[in-house]
>>> print(open('work12.txt').read())   # compact mmCIF, C-alpha atoms and all ligand atoms
# COMPACT_ATOMS: atom_id res chain seq x y z
CA MET A 1 54.49 26.01 94.06
CA LYS A 2 52.20 25.96 91.04
CA ASN A 3 49.30 27.40 93.04
CA ASN A 4 51.41 30.49 93.81
CA VAL A 5 51.44 31.70 90.26
CA TYR A 6 47.78 30.87 89.84
CA ALA A 7 46.94 32.81 93.00
CA GLU A 8 48.91 35.73 91.64
CA ILE A 9 46.91 35.72 88.43
CA GLY A 10 43.63 35.56 90.37
CA ILE A 11 42.66 31.91 90.62
CA SER A 12 41.65 30.71 94.06
CA ASP A 13 43.04 27.55 95.56
CA SER A 14 39.68 25.77 95.52
CA VAL A 15 39.25 26.35 91.78
CA TYR A 16 42.81 25.25 91.12
CA GLN A 17 42.42 22.09 93.22
CA MET A 18 39.19 21.13 91.47
CA GLY A 19 40.97 21.49 88.13
CA GLU A 20 43.77 19.21 89.30
CA GLN A 21 41.31 16.55 90.42
CA ILE A 22 39.34 16.67 87.17
CA LEU A 23 42.60 16.39 85.26
CA LEU A 24 43.43 13.08 86.89
CA SER A 25 40.43 11.51 85.21
CA LEU A 26 41.42 12.86 81.79
CA ARG A 27 44.91 11.40 81.50
CA PRO A 28 43.97 8.46 79.23
CA GLN A 29 42.23 10.79 76.78
CA PHE A 30 45.15 13.19 76.80
CA GLU A 31 47.42 10.28 75.95
CA ASP A 32 45.28 9.40 72.92
CA ILE A 33 45.42 13.01 71.76
CA ASP A 34 49.21 13.03 72.11
CA GLN A 35 49.43 9.91 69.99
CA THR A 36 47.34 11.47 67.24
CA ALA A 37 49.54 14.58 67.38
CA GLU A 38 52.68 12.44 67.17
CA TYR A 39 51.37 10.67 64.09
CA ASN A 40 50.31 13.87 62.38
CA GLN A 41 53.57 15.60 63.28
CA ALA A 42 55.48 12.88 61.46
CA LYS A 43 53.09 13.13 58.52
CA VAL A 44 53.74 16.88 58.14
CA ILE A 45 57.51 16.55 58.55
CA SER A 46 57.59 13.73 56.03
CA ALA A 47 55.77 15.92 53.46
CA MET A 48 58.22 18.77 54.14
CA GLN A 49 61.20 16.46 53.69
CA LYS A 50 59.86 14.90 50.52
CA ASN A 51 59.49 18.35 48.99
CA ARG A 52 62.92 19.48 50.18
CA VAL A 53 61.71 22.55 52.08
CA ASN A 54 64.66 24.91 52.45
CA ALA A 55 65.50 28.54 53.24
CA ALA A 56 64.72 29.68 49.68
CA CYS A 57 61.08 28.75 50.34
CA PHE A 58 60.86 31.50 52.95
CA ALA A 59 61.87 34.36 50.65
CA ALA A 60 59.31 37.07 49.93
CA THR A 61 58.01 37.61 46.43
CA SER A 62 56.01 40.52 45.04
CA GLY A 63 54.18 41.55 41.90
CA TYR A 64 52.86 38.65 39.83
CA GLY A 65 54.73 36.10 41.86
CA TYR A 66 55.86 34.03 38.88
CA ASN A 67 58.01 31.02 39.78
CA ASP A 68 57.33 31.46 43.47
CA VAL A 69 59.19 28.48 44.92
CA GLY A 70 57.92 29.07 48.45
CA ARG A 71 54.28 29.14 47.42
CA ASP A 72 54.55 26.23 44.99
CA THR A 73 56.41 24.05 47.49
CA LEU A 74 53.95 24.86 50.29
CA GLU A 75 51.12 23.70 48.06
CA LYS A 76 52.96 20.43 47.42
CA VAL A 77 53.49 20.01 51.17
CA TYR A 78 49.76 20.41 51.81
CA ALA A 79 48.89 18.04 48.96
CA ASP A 80 51.29 15.37 50.26
CA THR A 81 50.15 15.73 53.87
CA PHE A 82 46.49 15.35 52.95
CA HIS A 83 47.24 12.78 50.21
CA THR A 84 45.72 14.71 47.33
CA GLU A 85 46.90 15.29 43.75
CA ALA A 86 47.00 19.06 44.13
CA ALA A 87 46.48 21.94 46.54
CA LEU A 88 45.75 25.65 46.47
CA VAL A 89 47.13 27.33 49.63
CA ARG A 90 47.86 31.03 49.71
CA PRO A 91 47.30 34.36 51.43
CA GLN A 92 45.06 35.48 48.55
CA ILE A 93 42.42 33.17 50.00
CA THR A 94 41.18 35.51 52.72
CA CYS A 95 39.27 33.13 55.02
CA GLY A 96 37.41 29.83 55.20
CA THR A 97 34.23 31.17 53.64
CA HIS A 98 36.28 32.51 50.74
CA ALA A 99 37.98 29.14 50.20
CA LEU A 100 34.59 27.40 50.22
CA ALA A 101 33.09 29.98 47.85
CA VAL A 102 36.00 29.49 45.44
CA ALA A 103 35.71 25.69 45.57
CA LEU A 104 31.96 25.81 44.94
CA SER A 105 31.80 28.49 42.26
CA ALA A 106 34.74 26.96 40.38
CA ASN A 107 33.12 23.56 40.13
CA LEU A 108 29.44 24.39 39.62
CA LEU A 109 27.98 25.74 36.39
CA PRO A 110 24.52 27.14 35.60
CA GLY A 111 21.95 24.33 35.71
CA ASP A 112 23.98 22.26 38.19
CA GLU A 113 22.69 21.42 41.62
CA LEU A 114 24.63 21.75 44.86
CA TYR A 115 23.55 19.26 47.50
CA SER A 116 24.14 19.01 51.25
CA PRO A 117 23.42 15.51 52.61
CA VAL A 118 24.07 16.65 56.20
CA GLY A 119 21.60 19.51 56.62
CA ARG A 120 22.02 23.25 56.58
CA PRO A 121 25.65 24.38 56.13
CA TYR A 122 27.55 26.98 58.16
CA ASP A 123 25.92 30.42 58.47
CA THR A 124 28.23 32.32 56.14
CA LEU A 125 27.58 29.82 53.33
CA GLU A 126 23.90 30.73 53.22
CA GLU A 127 24.70 33.86 51.25
CA VAL A 128 27.34 32.11 49.14
CA ILE A 129 24.74 29.55 48.09
CA GLY A 130 21.84 31.99 48.00
CA ILE A 131 19.73 30.36 50.72
CA ARG A 132 19.66 33.92 52.01
CA PRO A 133 19.48 36.04 48.87
CA SER A 134 22.73 37.85 48.10
CA ALA A 135 24.39 39.50 45.13
CA CYS A 136 26.78 37.13 43.34
CA SER A 137 25.40 34.06 45.10
CA LEU A 138 25.44 30.69 43.32
CA ALA A 139 21.66 30.97 43.02
CA GLU A 140 22.05 34.18 41.03
CA TYR A 141 24.26 32.26 38.58
CA GLY A 142 21.62 29.58 38.12
CA VAL A 143 23.00 26.94 40.49
CA THR A 144 20.20 25.27 42.46
CA TYR A 145 20.54 23.92 45.98
CA SER A 146 18.95 21.11 47.95
CA GLU A 147 19.63 19.50 51.31
CA THR A 148 18.74 16.47 53.38
CA PRO A 149 18.64 17.16 57.11
CA LEU A 150 20.28 14.78 59.55
CA LEU A 151 17.92 12.46 61.42
CA PRO A 152 16.75 13.64 64.87
CA ASP A 153 19.49 11.59 66.57
CA GLY A 154 22.16 13.29 64.43
CA SER A 155 22.77 10.32 62.15
CA ILE A 156 22.85 10.41 58.34
CA ASP A 157 19.53 9.84 56.53
CA TYR A 158 20.76 7.43 53.83
CA GLU A 159 17.25 6.54 52.68
CA SER A 160 16.41 10.15 51.81
CA ILE A 161 19.84 10.80 50.31
CA ARG A 162 19.31 7.99 47.81
CA ASN A 163 16.15 9.77 46.58
CA ALA A 164 17.64 13.26 46.63
CA ILE A 165 20.52 12.61 44.22
CA HIS A 166 19.52 13.08 40.57
CA PRO A 167 21.32 13.68 37.24
CA LYS A 168 21.79 17.41 37.91
CA THR A 169 23.37 16.87 41.32
CA LYS A 170 26.91 17.93 40.54
CA LEU A 171 28.58 18.58 43.87
CA ALA A 172 27.88 17.42 47.41
CA THR A 173 29.09 19.59 50.29
CA ILE A 174 29.72 17.84 53.58
CA GLN A 175 30.44 19.87 56.69
CA ARG A 176 32.65 17.95 59.11
CA SER A 177 32.34 20.15 62.19
CA LYS A 178 29.06 20.97 63.86
CA GLY A 179 30.20 24.61 63.80
CA TYR A 180 27.72 26.59 65.86
CA ALA A 181 24.91 24.05 65.64
CA THR A 182 23.97 21.34 68.10
CA ARG A 183 24.32 18.37 65.76
CA PRO A 184 27.21 16.01 66.38
CA THR A 185 30.46 16.50 64.46
CA LEU A 186 31.05 13.84 61.83
CA SER A 187 34.02 11.53 62.10
CA VAL A 188 36.25 11.00 59.08
CA ALA A 189 35.01 7.39 58.94
CA GLN A 190 31.39 8.56 58.78
CA ILE A 191 32.25 11.03 56.04
CA GLY A 192 34.08 8.29 54.11
CA GLU A 193 31.07 5.99 54.33
CA LEU A 194 28.76 8.79 53.15
CA ILE A 195 31.01 9.55 50.17
CA ARG A 196 31.18 5.88 49.19
CA PHE A 197 27.39 5.63 49.38
CA MET A 198 26.81 8.72 47.25
CA LYS A 199 29.43 7.75 44.64
CA GLU A 200 27.76 4.37 44.27
CA ILE A 201 24.60 6.22 43.27
CA LYS A 202 26.41 8.79 41.10
CA PRO A 203 30.08 7.99 40.40
CA ASP A 204 30.92 11.42 38.93
CA LEU A 205 29.48 13.35 41.91
CA ILE A 206 32.10 15.78 43.25
CA CYS A 207 32.35 15.41 47.02
CA MET A 208 33.66 18.46 48.88
CA VAL A 209 34.27 18.51 52.63
CA ASP A 210 34.19 21.72 54.68
CA ASN A 211 37.08 20.61 56.89
CA CYS A 212 37.11 23.70 59.17
CA TYR A 213 38.10 22.89 62.78
CA GLY A 214 38.63 19.21 61.93
CA GLU A 215 42.20 19.14 60.63
CA PHE A 216 44.61 16.97 62.64
CA THR A 217 42.02 15.89 65.21
CA GLU A 218 42.30 12.39 63.71
CA CYS A 219 45.10 10.50 61.96
CA ILE A 220 43.27 10.59 58.64
CA GLU A 221 41.46 13.35 56.77
CA PRO A 222 38.38 13.09 54.53
CA SER A 223 40.70 13.21 51.50
CA ASP A 224 42.01 9.79 52.60
CA LEU A 225 38.49 8.39 52.18
CA GLY A 226 37.37 9.66 48.82
CA ALA A 227 36.72 13.41 49.17
CA ASP A 228 37.48 15.21 45.90
CA MET A 229 38.17 18.45 47.77
CA ILE A 230 38.79 19.38 51.40
CA VAL A 231 38.61 23.04 52.32
CA GLY A 232 39.57 25.10 55.35
CA SER A 233 40.93 28.27 56.93
CA LEU A 234 44.52 28.99 57.97
CA ILE A 235 43.42 31.00 60.99
CA LYS A 236 42.02 27.76 62.34
CA ASN A 237 43.85 24.43 62.87
CA PRO A 238 46.27 24.15 59.91
CA GLY A 239 47.71 27.64 60.37
CA GLY A 240 48.99 26.55 63.78
CA GLY A 241 48.32 30.05 65.16
CA LEU A 242 51.14 31.56 63.14
CA ALA A 243 49.46 32.06 59.76
CA PRO A 244 48.11 35.62 59.75
CA ILE A 245 45.72 34.94 56.82
CA GLY A 246 44.92 32.29 54.25
CA GLY A 247 42.86 29.30 53.26
CA TYR A 248 43.43 26.01 51.52
CA ILE A 249 41.72 23.72 49.05
CA CYS A 250 43.29 20.28 48.55
CA GLY A 251 41.94 17.80 46.05
CA THR A 252 42.01 16.30 42.60
CA GLN A 253 44.03 18.06 39.90
CA THR A 254 40.87 18.75 37.90
CA CYS A 255 39.04 20.40 40.80
CA ILE A 256 42.07 22.39 41.96
CA ASP A 257 42.85 23.69 38.44
CA ARG A 258 39.34 25.07 38.25
CA CYS A 259 39.65 26.58 41.76
CA ALA A 260 42.88 28.31 40.74
CA TYR A 261 41.25 29.74 37.60
CA ARG A 262 38.36 31.00 39.69
CA LEU A 263 40.61 32.50 42.38
CA SER A 264 42.89 34.39 39.96
CA ALA A 265 41.72 34.31 36.34
CA PRO A 266 41.08 31.74 33.61
CA GLY A 267 44.42 30.97 32.02
CA LEU A 268 46.47 32.31 34.93
CA GLY A 269 45.52 29.86 37.66
CA GLN A 270 48.17 28.95 40.20
CA GLU A 271 50.99 30.71 38.36
CA VAL A 272 50.25 34.14 39.83
CA GLY A 273 49.91 35.17 43.46
CA ALA A 274 52.95 36.62 45.23
CA ASN A 275 53.60 35.28 48.73
CA LEU A 276 54.24 38.78 50.21
CA GLY A 277 56.74 37.45 52.73
CA LEU A 278 54.29 35.26 54.65
CA MET A 279 55.86 31.90 53.85
CA THR A 280 57.78 31.35 57.09
CA GLN A 281 54.57 31.75 59.08
CA LEU A 282 52.59 29.48 56.78
CA TYR A 283 55.23 26.72 56.84
CA GLN A 284 56.02 26.99 60.52
CA GLY A 285 52.34 27.21 61.40
CA PHE A 286 51.62 24.03 59.46
CA PHE A 287 54.57 22.38 61.20
CA LEU A 288 53.10 23.33 64.60
CA ALA A 289 49.48 22.59 63.65
CA PRO A 290 49.30 18.97 64.91
CA THR A 291 50.44 19.87 68.44
CA VAL A 292 48.50 23.14 68.53
CA THR A 293 45.35 21.23 67.57
CA ALA A 294 46.13 18.74 70.33
CA SER A 295 46.38 21.60 72.85
CA ALA A 296 43.03 22.96 71.77
CA MET A 297 41.44 19.51 72.07
CA LYS A 298 42.80 19.08 75.58
CA GLY A 299 41.36 22.46 76.53
CA ALA A 300 37.98 21.47 75.10
CA ILE A 301 37.92 18.21 77.07
CA PHE A 302 39.02 19.96 80.26
CA ALA A 303 36.24 22.54 79.86
CA SER A 304 33.74 19.80 79.11
CA ALA A 305 34.69 17.77 82.19
CA ILE A 306 34.66 20.76 84.54
CA TYR A 307 31.34 22.16 83.41
CA GLU A 308 29.84 18.67 83.37
CA HIS A 309 30.89 18.38 87.01
CA LEU A 310 29.31 21.76 87.74
CA GLY A 311 26.03 20.44 86.37
CA TYR A 312 25.83 22.10 82.96
CA ARG A 313 24.96 20.40 79.68
CA VAL A 314 28.07 20.11 77.54
CA ILE A 315 28.33 19.08 73.88
CA PRO A 316 30.24 16.88 73.39
CA GLY A 317 30.47 15.19 76.80
CA SER A 318 33.92 14.84 78.32
CA LYS A 319 34.16 11.13 77.51
CA GLU A 320 32.82 11.26 73.97
CA THR A 321 35.22 10.88 71.05
CA ARG A 322 35.99 14.14 69.27
CA HIS A 323 36.40 15.09 65.64
CA ASP A 324 36.82 18.86 65.97
CA ILE A 325 38.05 21.41 68.53
CA ILE A 326 34.70 23.03 69.42
CA GLN A 327 33.14 22.70 72.86
CA ALA A 328 29.60 23.92 73.50
CA ILE A 329 28.49 24.62 77.08
CA GLU A 330 24.87 25.50 77.86
CA LEU A 331 25.16 27.99 80.69
CA GLY A 332 21.44 28.73 81.05
CA SER A 333 21.60 32.50 81.57
CA GLU A 334 23.02 35.66 80.09
CA LYS A 335 24.78 36.41 83.36
CA ALA A 336 26.65 33.10 83.23
CA MET A 337 27.65 33.63 79.59
CA VAL A 338 29.06 37.03 80.47
CA ALA A 339 31.00 35.65 83.44
CA PHE A 340 32.38 32.77 81.38
CA CYS A 341 33.53 35.07 78.59
CA ARG A 342 35.04 37.51 81.09
CA GLY A 343 37.15 34.63 82.37
CA ILE A 344 38.40 33.65 78.92
CA GLN A 345 39.24 37.28 78.19
CA ALA A 346 41.00 37.76 81.52
CA ALA A 347 43.26 34.79 80.74
CA ALA A 348 44.41 36.17 77.39
CA PRO A 349 47.94 37.36 76.56
CA VAL A 350 46.46 40.23 74.49
CA ASP A 351 43.60 42.59 75.51
CA SER A 352 43.23 40.89 78.91
CA TYR A 353 42.04 44.16 80.48
CA VAL A 354 39.04 44.38 78.11
CA THR A 355 35.57 43.42 79.37
CA PRO A 356 33.44 41.58 76.81
CA ILE A 357 29.77 42.58 76.78
CA PRO A 358 26.81 41.37 74.66
CA TRP A 359 26.38 43.42 71.49
CA ASP A 360 24.21 43.56 68.35
CA MET A 361 25.94 41.95 65.38
CA PRO A 362 24.96 42.12 61.72
CA GLY A 363 23.28 38.91 60.57
CA TYR A 364 22.19 37.79 64.05
CA ASP A 365 18.69 38.10 65.47
CA SER A 366 19.96 38.30 69.05
CA GLN A 367 22.89 39.94 70.77
CA VAL A 368 26.20 38.11 70.69
CA ILE A 369 29.06 37.99 73.20
CA MET A 370 32.64 37.24 72.19
CA ALA A 371 35.82 36.78 74.16
CA ALA A 372 39.14 36.71 72.37
CA GLY A 373 42.55 38.05 73.16
CA ALA A 374 44.29 36.92 70.01
CA PHE A 375 47.51 37.77 68.21
CA VAL A 376 45.69 37.31 64.90
CA GLN A 377 42.34 39.07 64.61
CA GLY A 378 39.43 36.62 64.75
CA SER A 379 41.73 33.61 64.98
CA SER A 380 39.74 30.78 66.50
CA ILE A 381 42.64 28.38 66.90
CA GLU A 382 43.63 30.88 69.60
CA LEU A 383 41.65 30.63 72.85
CA SER A 384 38.23 32.17 72.30
CA ALA A 385 34.57 31.86 73.26
CA ASP A 386 31.40 33.27 71.86
CA GLY A 387 27.67 32.70 71.63
CA PRO A 388 24.29 34.29 70.92
CA ILE A 389 22.41 35.65 73.94
CA ARG A 390 19.33 33.43 73.70
CA PRO A 391 18.20 30.12 75.18
CA PRO A 392 19.85 27.74 75.91
CA TYR A 393 22.55 30.40 76.49
CA ALA A 394 25.31 28.27 75.05
CA VAL A 395 28.90 29.44 74.71
CA TYR A 396 31.12 27.90 72.07
CA PHE A 397 34.61 27.53 73.35
CA GLN A 398 37.58 26.72 71.16
CA GLY A 399 41.28 27.00 70.65
CA GLY A 400 44.34 27.54 72.76
CA LEU A 401 47.76 27.61 71.15
CA THR A 402 49.11 25.89 74.22
CA TRP A 403 47.35 23.49 76.56
CA CYS A 404 48.57 25.55 79.53
CA HIS A 405 46.79 28.62 78.21
CA SER A 406 43.57 26.68 77.57
CA LYS A 407 43.75 25.36 81.12
CA LEU A 408 44.23 28.84 82.53
CA GLY A 409 41.29 30.11 80.49
CA VAL A 410 38.94 27.42 81.72
CA LEU A 411 40.01 27.89 85.35
CA MET A 412 39.56 31.66 85.02
CA SER A 413 36.04 31.17 83.63
CA VAL A 414 35.16 29.09 86.69
CA GLN A 415 36.70 31.76 88.94
CA LYS A 416 34.49 34.48 87.39
CA MET A 417 31.39 32.27 87.72
CA LEU A 418 32.27 31.82 91.39
CA GLU A 419 32.89 35.52 91.98
CA ASP A 420 29.54 36.40 90.38
CA GLY A 421 27.69 33.93 92.61
CA LEU A 422 26.66 31.68 89.71
CA ILE A 423 28.31 28.70 91.36
CA GLN A 424 29.22 28.10 95.01
CA GLU A 425 32.39 26.89 96.71
CA SER A 426 30.54 23.68 97.59
CA ASP A 427 29.94 22.99 93.87
CA LEU A 428 33.68 22.73 93.38
CA SER A 429 34.31 19.78 95.66
CA LEU A 430 34.71 16.37 94.11
CA PRO A 431 34.53 12.89 95.51
CA VAL A 432 38.07 11.57 95.61
CA LEU A 433 38.63 10.13 92.17
CA GLU A 434 40.27 6.86 91.42
CA GLN A 435 43.73 7.66 90.30
CA SER A 436 44.51 6.36 86.88
CA ILE A 437 47.95 4.89 86.68
C1 LIG A 501 34.80 28.89 60.49
C2 LIG A 501 34.01 28.06 59.59
C3 LIG A 501 33.72 28.46 58.29
C4 LIG A 501 34.06 29.83 57.75
O1 LIG A 501 35.35 30.23 57.94
P1 LIG A 501 35.73 31.79 58.09
O2 LIG A 501 37.20 31.74 58.08
O3 LIG A 501 35.14 32.27 59.37
O4 LIG A 501 35.18 32.49 56.90
C5 LIG A 501 33.02 27.59 57.49
N1 LIG A 501 32.60 26.40 57.94
C6 LIG A 501 32.86 25.97 59.19
C7 LIG A 501 32.37 24.64 59.64
C8 LIG A 501 33.57 26.79 60.05
O5 LIG A 501 33.83 26.38 61.29
>>> encode(input="work12.txt", output="structure tokens")
Amino acid sequence: MKNNVYAEIGISDSVYQMGEQILLSLRPQFEDIDQTAEYNQAKVISAMQKNRVNAACFAATSGYGYNDVGRDTLEKVYADTFHTEAALVRPQITCGTHALAVALSANLLPGDELYSPVGRPYDTLEEVIGIRPSACSLAEYGVTYSETPLLPDGSIDYESIRNAIHPKTKLATIQRSKGYATRPTLSVAQIGELIRFMKEIKPDLICMVDNCYGEFTECIEPSDLGADMIVGSLIKNPGGGLAPIGGYICGTQTCIDRCAYRLSAPGLGQEVGANLGLMTQLYQGFFLAPTVTASAMKGAIFASAIYEHLGYRVIPGSKETRHDIIQAIELGSEKAMVAFCRGIQAAAPVDSYVTPIPWDMPGYDSQVIMAAGAFVQGSSIELSADGPIRPPYAVYFQGGLTWCHSKLGVLMSVQKMLEDGLIQESDLSLPVLEQSI
């Protein structure tokens, strides 16, 4: 029965059957993911109940947005979910990089040092910090920067961190997700241990976590283990696919007050910022975020297991524990990257007829290929894949608002690899797996 609809959409029986067999081995992991989602779902609902979310919260406001009940209540819901004193969550924060730039520039003054104990941060932060020179960077305002790389095995270099923190070190930025690097993603427990270690050396050090892609993948967040601020994008996990724009910063009242002054203006802070009628999407997206994140994680594990079986290097491996929704697959050739991305695109609800091709992108030294058929432009909680065309020819795969869509995307990528002769029918066959009960 099921194979009929898959055949109709272009997936051959052998690809479908391989998927079914791989799935059998993933049931215990899927169960763990469902349990995390269940916990986080209750956490979000509890925060919504505590703050008496009601229809008035969904009303649009315009102009200054004074006394915006919807916006103010949403910020309390975020703060209570992530167990922080305060939160800044609004459509005026345009993306994750913007949220991070606000958090940093609000809490660093000339002469202060920004410090990354986990190596080089995400690409777009290089210009925010001034690692790559840019107008209005922190460097231009007299904020210095230093970093301690992770050790070769991906672990934290505590010895060097002890020596790197000095009186001017004001704020430490910790990136949870590997992003588009090959280092491992940090677990919340690892981040908590790192924060404790650094605060022992310098108790007033502000610890900020770039939480992008990590939200709701575990039952706790870095703010539960000492982070002064956690920061992320609403077109990733916490927007649940429904938020059309936005970012969040949750943290201590002192840090968030400064962030609000930086985002709007000194003296105005959180009191201005009309919600423009986006509240229903922001609330409902946050309500859906735990299960949407679970769907994306299942898709990532399914992709990992399938491509592992096909003989490719996958990061993380299908049996490794996960702390974000990103799956890297080293496909080894441009041709394979193109086929993979064509499959993801062909499985999309939007723009499925488009053929992704490698293209020059500003800021990259090689061509880049991207596949996305999203309702929200650039949304990476929706099913998407991308990667730079250079060795090891890795694609980064993430998202999927529903597990069924992620599954279809992965199967379609295999189908395109098969059709392009990059894998053979014989590669699909599996030894009969032990059935897990
Ligand atoms: C996506 C991402 C960002 C930047 O977010 P944008 O919304 O793309 O600006 C920053 N850090 C990490 C780890 C990310 O994954």
>>> residues_near_ligand(input="work12.txt", ligand="ligand LIG 501 (chain A)", cutoff="6 Å", atoms="all atoms listed in the file", output="PyMOL selection string")
chain A and resi 95-97+122+175+177+179+210+212-213+233
>>> closest_residue(input="work12.txt", among="A:Val53, A:Ile325, A:Ala60, A:Leu150", to="Glu215 of chain A", atoms="all atoms listed in the file")
A:Ile325
>>> residues_around(input="work12.txt", residues="Tyr364 of chain A", least_positions_apart="3", cutoff="12 Å", atoms="all atoms listed in the file", output="short mmCIF file (atom, residue, chain, number, x, y, z; two decimals) with C-alpha atoms, in the coordinates of the input")
data_model
loop_
_atom_site.label_atom_id
_atom_site.label_comp_id
_atom_site.auth_asym_id
_atom_site.auth_seq_id
_atom_site.Cartn_x
_atom_site.Cartn_y
_atom_site.Cartn_z
CA ASP A 123 25.92 30.42 58.47
CA THR A 124 28.23 32.32 56.14
CA TRP A 359 26.38 43.42 71.49
CA ASP A 360 24.21 43.56 68.35
CA MET A 361 25.94 41.95 65.38
CA GLN A 367 22.89 39.94 70.77
CA VAL A 368 26.20 38.11 70.69
CA ILE A 369 29.06 37.99 73.20
CA GLY A 387 27.67 32.70 71.63
CA PRO A 388 24.29 34.29 70.92
CA ILE A 389 22.41 35.65 73.94
CA ARG A 390 19.33 33.43 73.70
#
>>> residues_around(input="work12.txt", residues="Leu225 of chain A", least_positions_apart="4", cutoff="9 Å", atoms="all atoms listed in the file", output="list in words")
Val188, Ala189, Ile191, Gly192, Glu193, Ile195, Arg196, Ile220 and Glu221 of chain A
>>> atom_distance(input="work12.txt", atom1="atom CA of Leu194 of chain A", atom2="atom CA of Leu125 of chain A")
21.1 Å
>>> closest_residue(input="work12.txt", among="A:Ala59, A:Cys259, A:Leu428, A:Ala339", to="Leu100 of chain A", atoms="only C-alpha atoms")
A:Cys259
>>> closest_atom_pairs(input="work12.txt", of="segment 173-282 of chain A", to="segment 105-108 of chain A", cutoff="9 Å", atoms="all atoms listed in the file", output="JSON lines")
{"residue": "A:Ile206", "atom": "CA", "partner": "A:Asn107", "partner_atom": "CA", "distance": 8.4}
{"residue": "A:Cys255", "atom": "CA", "partner": "A:Asn107", "partner_atom": "CA", "distance": 6.7}
{"residue": "A:Ile256", "atom": "CA", "partner": "A:Ala106", "partner_atom": "CA", "distance": 8.8}
{"residue": "A:Asp257", "atom": "CA", "partner": "A:Ala106", "partner_atom": "CA", "distance": 9.0}
{"residue": "A:Arg258", "atom": "CA", "partner": "A:Ala106", "partner_atom": "CA", "distance": 5.4}
{"residue": "A:Cys259", "atom": "CA", "partner": "A:Ala106", "partner_atom": "CA", "distance": 5.1}
{"residue": "A:Ala260", "atom": "CA", "partner": "A:Ala106", "partner_atom": "CA", "distance": 8.3}
{"residue": "A:Tyr261", "atom": "CA", "partner": "A:Ala106", "partner_atom": "CA", "distance": 7.6}
{"residue": "A:Arg262", "atom": "CA", "partner": "A:Ala106", "partner_atom": "CA", "distance": 5.5}
{"residue": "A:Leu263", "atom": "CA", "partner": "A:Ala106", "partner_atom": "CA", "distance": 8.3}
>>> residues_around(input="work12.txt", residues="segment 197-199 of chain A", least_positions_apart="6", cutoff="10 Å", atoms="all atoms listed in the file", output="list in words")
Pro117, Tyr158, Ile161, Arg162, Ile165, Ala172, Ile191, Leu205, Ile206, Cys207 and Gly226 of chain A
>>> atom_distance(input="work12.txt", atom1="atom CA of Gly239 of chain A", atom2="atom CA of Gly343 of chain A")
25.4 Å
